[in-house]
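Asker: Input final_32.txt, format and content: compact mmCIF, N, CA and C atoms.
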# COMPACT_ATOMS: atom_id res chain seq x y z
N MET A 488 0.84 -1.16 0.00
CA MET A 488 0.00 0.00 0.00
C MET A 488 0.90 1.23 0.00
N PRO A 489 1.16 1.77 -1.18
CA PRO A 489 2.08 2.90 -1.30
C PRO A 489 1.58 4.16 -0.60
N VAL A 490 2.51 4.88 -0.01
CA VAL A 490 2.21 6.19 0.55
C VAL A 490 2.37 7.20 -0.58
N LEU A 491 1.32 7.95 -0.85
CA LEU A 491 1.36 8.95 -1.92
C LEU A 491 1.90 10.27 -1.43
N THR A 492 1.58 10.63 -0.20
CA THR A 492 2.07 11.87 0.39
C THR A 492 1.80 11.88 1.88
N ARG A 493 2.41 12.84 2.57
CA ARG A 493 2.19 13.08 4.00
C ARG A 493 2.18 14.59 4.20
N PHE A 494 1.23 15.06 4.99
CA PHE A 494 1.21 16.48 5.35
C PHE A 494 0.42 16.67 6.63
N TYR A 495 0.91 17.53 7.50
CA TYR A 495 0.23 17.89 8.75
C TYR A 495 -0.22 16.66 9.55
N GLY A 496 0.60 15.61 9.56
CA GLY A 496 0.27 14.41 10.31
C GLY A 496 -0.69 13.46 9.61
N ILE A 497 -1.07 13.80 8.38
CA ILE A 497 -1.99 12.98 7.59
C ILE A 497 -1.18 12.16 6.59
N VAL A 498 -1.48 10.89 6.48
CA VAL A 498 -0.84 10.01 5.51
C VAL A 498 -1.90 9.60 4.48
N ILE A 499 -1.56 9.77 3.19
CA ILE A 499 -2.47 9.40 2.11
C ILE A 499 -1.89 8.17 1.42
N ARG A 500 -2.70 7.12 1.31
CA ARG A 500 -2.29 5.87 0.68
C ARG A 500 -3.31 5.44 -0.36
N MET A 501 -2.85 4.57 -1.26
CA MET A 501 -3.74 3.93 -2.21
C MET A 501 -3.34 2.46 -2.27
N TYR A 502 -4.32 1.60 -2.14
CA TYR A 502 -4.06 0.16 -2.20
C TYR A 502 -4.03 -0.32 -3.64
N PHE A 503 -3.43 -1.46 -3.85
CA PHE A 503 -3.43 -2.08 -5.17
C PHE A 503 -4.84 -2.54 -5.50
N GLN A 504 -5.25 -2.41 -6.77
CA GLN A 504 -6.62 -2.73 -7.18
C GLN A 504 -7.02 -4.17 -6.91
N GLN A 505 -6.10 -5.10 -6.94
CA GLN A 505 -6.46 -6.50 -6.73
C GLN A 505 -7.18 -6.68 -5.40
N SER A 506 -6.81 -5.87 -4.42
CA SER A 506 -7.43 -6.00 -3.10
C SER A 506 -8.48 -4.92 -2.87
N GLU A 507 -8.77 -4.11 -3.87
CA GLU A 507 -9.69 -3.00 -3.71
C GLU A 507 -10.91 -3.14 -4.59
N HIS A 508 -11.78 -2.19 -4.48
CA HIS A 508 -13.03 -2.18 -5.22
C HIS A 508 -13.31 -0.75 -5.68
N ASN A 509 -14.19 -0.61 -6.63
CA ASN A 509 -14.59 0.72 -7.08
C ASN A 509 -15.60 1.29 -6.11
N PRO A 510 -15.77 2.58 -6.06
CA PRO A 510 -15.19 3.60 -6.91
C PRO A 510 -13.74 3.90 -6.53
N PRO A 511 -13.00 4.54 -7.45
CA PRO A 511 -11.61 4.92 -7.13
C PRO A 511 -11.56 5.76 -5.86
N HIS A 512 -10.65 5.40 -4.96
CA HIS A 512 -10.57 6.12 -3.69
C HIS A 512 -9.17 6.06 -3.09
N ILE A 513 -8.96 6.92 -2.12
CA ILE A 513 -7.72 6.94 -1.35
C ILE A 513 -8.06 6.61 0.10
N HIS A 514 -7.02 6.32 0.86
CA HIS A 514 -7.16 6.10 2.29
C HIS A 514 -6.36 7.20 2.99
N ALA A 515 -7.02 7.94 3.86
CA ALA A 515 -6.37 8.99 4.64
C ALA A 515 -6.30 8.53 6.09
N ILE A 516 -5.10 8.58 6.65
CA ILE A 516 -4.90 8.17 8.03
C ILE A 516 -4.40 9.37 8.81
N TYR A 517 -5.05 9.65 9.93
CA TYR A 517 -4.67 10.76 10.80
C TYR A 517 -4.80 10.29 12.23
N GLY A 518 -3.65 10.01 12.86
CA GLY A 518 -3.67 9.47 14.22
C GLY A 518 -4.40 8.14 14.25
N GLU A 519 -5.41 8.06 15.09
CA GLU A 519 -6.21 6.84 15.22
C GLU A 519 -7.35 6.78 14.21
N ASN A 520 -7.51 7.83 13.42
CA ASN A 520 -8.64 7.91 12.49
C ASN A 520 -8.22 7.52 11.08
N MET A 521 -9.16 6.90 10.36
CA MET A 521 -8.92 6.52 8.98
C MET A 521 -10.21 6.70 8.21
N ALA A 522 -10.06 7.15 6.95
CA ALA A 522 -11.24 7.26 6.09
C ALA A 522 -10.86 6.87 4.67
N ALA A 523 -11.76 6.17 4.00
CA ALA A 523 -11.64 5.90 2.58
C ALA A 523 -12.47 6.98 1.89
N ILE A 524 -11.84 7.72 0.96
CA ILE A 524 -12.48 8.88 0.35
C ILE A 524 -12.49 8.72 -1.16
N CYS A 525 -13.67 8.88 -1.75
CA CYS A 525 -13.85 8.78 -3.19
C CYS A 525 -13.09 9.91 -3.89
N ILE A 526 -12.30 9.56 -4.88
CA ILE A 526 -11.52 10.57 -5.61
C ILE A 526 -12.44 11.47 -6.43
N ASN A 527 -13.47 10.92 -7.03
CA ASN A 527 -14.33 11.69 -7.92
C ASN A 527 -15.14 12.77 -7.22
N ASP A 528 -15.74 12.46 -6.07
CA ASP A 528 -16.64 13.44 -5.46
C ASP A 528 -16.33 13.76 -4.00
N GLY A 529 -15.29 13.16 -3.43
CA GLY A 529 -14.90 13.47 -2.06
C GLY A 529 -15.79 12.83 -1.00
N ALA A 530 -16.68 11.94 -1.40
CA ALA A 530 -17.55 11.27 -0.43
C ALA A 530 -16.75 10.33 0.45
N ILE A 531 -17.09 10.29 1.73
CA ILE A 531 -16.46 9.33 2.64
C ILE A 531 -17.15 7.99 2.44
N LEU A 532 -16.37 7.01 2.02
CA LEU A 532 -16.90 5.67 1.76
C LEU A 532 -16.90 4.81 3.02
N GLU A 533 -15.95 5.11 3.91
CA GLU A 533 -15.81 4.33 5.13
C GLU A 533 -14.97 5.12 6.11
N GLY A 534 -15.25 4.98 7.40
CA GLY A 534 -14.44 5.62 8.42
C GLY A 534 -14.79 7.08 8.64
N GLU A 535 -13.87 7.78 9.32
CA GLU A 535 -14.08 9.20 9.60
C GLU A 535 -12.76 9.87 9.93
N LEU A 536 -12.74 11.17 9.74
CA LEU A 536 -11.60 12.03 10.08
C LEU A 536 -12.13 13.25 10.82
N PRO A 537 -11.30 13.86 11.67
CA PRO A 537 -11.72 15.13 12.24
C PRO A 537 -11.98 16.14 11.12
N LYS A 538 -12.87 17.08 11.37
CA LYS A 538 -13.32 18.03 10.35
C LYS A 538 -12.17 18.73 9.64
N LYS A 539 -11.23 19.29 10.37
CA LYS A 539 -10.12 20.04 9.76
C LYS A 539 -9.25 19.12 8.90
N ALA A 540 -8.96 17.93 9.38
CA ALA A 540 -8.15 16.98 8.61
C ALA A 540 -8.89 16.60 7.33
N LEU A 541 -10.19 16.36 7.42
CA LEU A 541 -10.98 16.02 6.24
C LEU A 541 -10.96 17.16 5.23
N GLU A 542 -11.10 18.39 5.68
CA GLU A 542 -11.06 19.54 4.78
C GLU A 542 -9.74 19.59 4.02
N MET A 543 -8.63 19.34 4.72
CA MET A 543 -7.32 19.37 4.06
C MET A 543 -7.19 18.23 3.05
N VAL A 544 -7.66 17.04 3.42
CA VAL A 544 -7.59 15.90 2.50
C VAL A 544 -8.42 16.18 1.25
N LEU A 545 -9.61 16.73 1.42
CA LEU A 545 -10.46 17.02 0.27
C LEU A 545 -9.83 18.08 -0.63
N GLU A 546 -9.21 19.09 -0.04
CA GLU A 546 -8.52 20.11 -0.83
C GLU A 546 -7.38 19.49 -1.62
N TRP A 547 -6.58 18.65 -0.97
CA TRP A 547 -5.45 17.99 -1.64
C TRP A 547 -5.95 17.06 -2.75
N THR A 548 -7.01 16.30 -2.46
CA THR A 548 -7.55 15.36 -3.45
C THR A 548 -8.03 16.10 -4.70
N GLU A 549 -8.70 17.22 -4.51
CA GLU A 549 -9.19 18.00 -5.65
C GLU A 549 -8.01 18.52 -6.48
N MET A 550 -6.94 18.94 -5.82
CA MET A 550 -5.76 19.46 -6.52
C MET A 550 -5.10 18.37 -7.38
N HIS A 551 -5.18 17.13 -6.96
CA HIS A 551 -4.46 16.03 -7.61
C HIS A 551 -5.40 14.98 -8.22
N LYS A 552 -6.63 15.36 -8.47
CA LYS A 552 -7.64 14.40 -8.94
C LYS A 552 -7.19 13.64 -10.19
N SER A 553 -6.69 14.34 -11.20
CA SER A 553 -6.32 13.66 -12.44
C SER A 553 -5.17 12.67 -12.22
N GLU A 554 -4.19 13.05 -11.42
CA GLU A 554 -3.07 12.14 -11.15
C GLU A 554 -3.54 10.92 -10.36
N LEU A 555 -4.44 11.14 -9.39
CA LEU A 555 -4.95 10.04 -8.58
C LEU A 555 -5.75 9.05 -9.42
N LEU A 556 -6.60 9.57 -10.30
CA LEU A 556 -7.38 8.68 -11.16
C LEU A 556 -6.48 7.90 -12.12
N LYS A 557 -5.43 8.54 -12.60
CA LYS A 557 -4.49 7.84 -13.48
C LYS A 557 -3.79 6.71 -12.72
N MET A 558 -3.38 7.00 -11.48
CA MET A 558 -2.73 5.97 -10.67
C MET A 558 -3.68 4.81 -10.41
N TRP A 559 -4.95 5.11 -10.15
CA TRP A 559 -5.95 4.05 -9.90
C TRP A 559 -6.05 3.14 -11.11
N GLU A 560 -6.07 3.73 -12.30
CA GLU A 560 -6.23 2.96 -13.53
C GLU A 560 -4.97 2.18 -13.92
N THR A 561 -3.80 2.82 -13.79
CA THR A 561 -2.56 2.21 -14.27
C THR A 561 -1.84 1.39 -13.21
N GLN A 562 -2.14 1.64 -11.93
CA GLN A 562 -1.43 1.01 -10.82
C GLN A 562 0.05 1.38 -10.80
N GLU A 563 0.37 2.52 -11.41
CA GLU A 563 1.73 3.07 -11.36
C GLU A 563 1.73 4.19 -10.35
N PHE A 564 2.17 3.87 -9.15
CA PHE A 564 2.11 4.81 -8.05
C PHE A 564 3.34 5.71 -8.01
N THR A 565 3.11 6.98 -7.79
CA THR A 565 4.19 7.95 -7.64
C THR A 565 3.85 8.87 -6.47
N ALA A 566 4.88 9.41 -5.87
CA ALA A 566 4.67 10.36 -4.78
C ALA A 566 4.11 11.66 -5.35
N LEU A 567 3.24 12.27 -4.60
CA LEU A 567 2.68 13.56 -4.98
C LEU A 567 3.05 14.60 -3.93
N PRO A 568 3.12 15.86 -4.32
CA PRO A 568 3.50 16.90 -3.36
C PRO A 568 2.45 17.04 -2.25
N PRO A 569 2.90 17.39 -1.05
CA PRO A 569 1.97 17.57 0.06
C PRO A 569 1.20 18.88 -0.07
N LEU A 570 0.18 18.99 0.74
CA LEU A 570 -0.56 20.25 0.86
C LEU A 570 0.31 21.21 1.64
N GLU A 571 0.42 22.41 1.17
CA GLU A 571 1.24 23.41 1.89
C GLU A 571 0.42 24.55 2.38
Can you turn what I pasted into structure tokens?
Answerer:
Amino acid sequence: MPVLTRFYGIVIRMYFQQSEHNPPHIHAIYGENMAAICINDGAILEGELPKKALEMVLEWTEMHKSELLKMWETQEFTALPPLE
């Protein structure tokens, strides 16, 4: 499960498709909290994050939506810049 980026204590990961399911999504981990977040619309598919952490993850996801969808399709994972 590659780490795509880290910022403000948040770790963003994407699992390999063989063990995953649609819709395309990322996993955001912040302390004891974890959420699976849909790349297309930012919906929380599973779990929860504190409000501020979720806002930052959604902002970052929107900034990198095309790259994230490409990674989901190709399974070629690359590091992405953190939210600053």
Asker: Can you pull out every residue within 8 Å of stretch 508-513 of chain A, counting only C-alpha atoms, but drop anything in the same chain fewer than 5 positions away, and send it as an NGL selection string?
Answerer: :A and (499-502 or 523-527 or 556 or 559)
Asker: So, with only C-alpha atoms as the atoms that count, which of A:Ala515, A:Lys539, A:Met521, A:Ile531 lies closest to A:Arg493?
Answerer: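 Among A:Ala515, A:Lys539, A:Met521, A:Ile531, it is A:Ala515 that comes nearest to A:Arg493.
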Asker: Quick one: distance from atom C of A:Thr548 to atom CA of A:Glu519 in Å, one decimal?
Answerer: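 Those two atoms sit 22.0 Å apart.
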Asker: Pick out the closest residue to A:Gln504 from this set: A:Glu535, A:Glu560, A:Glu542, A:Glu554. Count only C-alpha atoms.
Answerer: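 For A:Gln504, the nearest of the candidates is A:Glu560.
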Asker: In Å, how far is it from atom CA of A:Tyr517 to atom CA of A:Gln562?
Answerer: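 These atoms are spaced 23.9 Å apart.
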Asker: From chain A, collect each residue whose DSSP state is strand (DSSP E or B) and return the set as an MDAnalysis selection string.
Answerer: chainID A and resid 490:494 497:500 512:517 520:525 531:534
Asker: What is the atom N of A:Met550 to atom N of A:Thr492 distance in Å?
Answerer: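 Calculated distance between atom N of A:Met550 and atom N of A:Thr492 is 13.2 Å.
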Asker: Using the chain letters and numbers from this document, which residues of stretch 518-561 of chain A does DSSP assign to alpha helix (DSSP H), as number ranges by chain?
Answerer: A: 538-550, 552-561
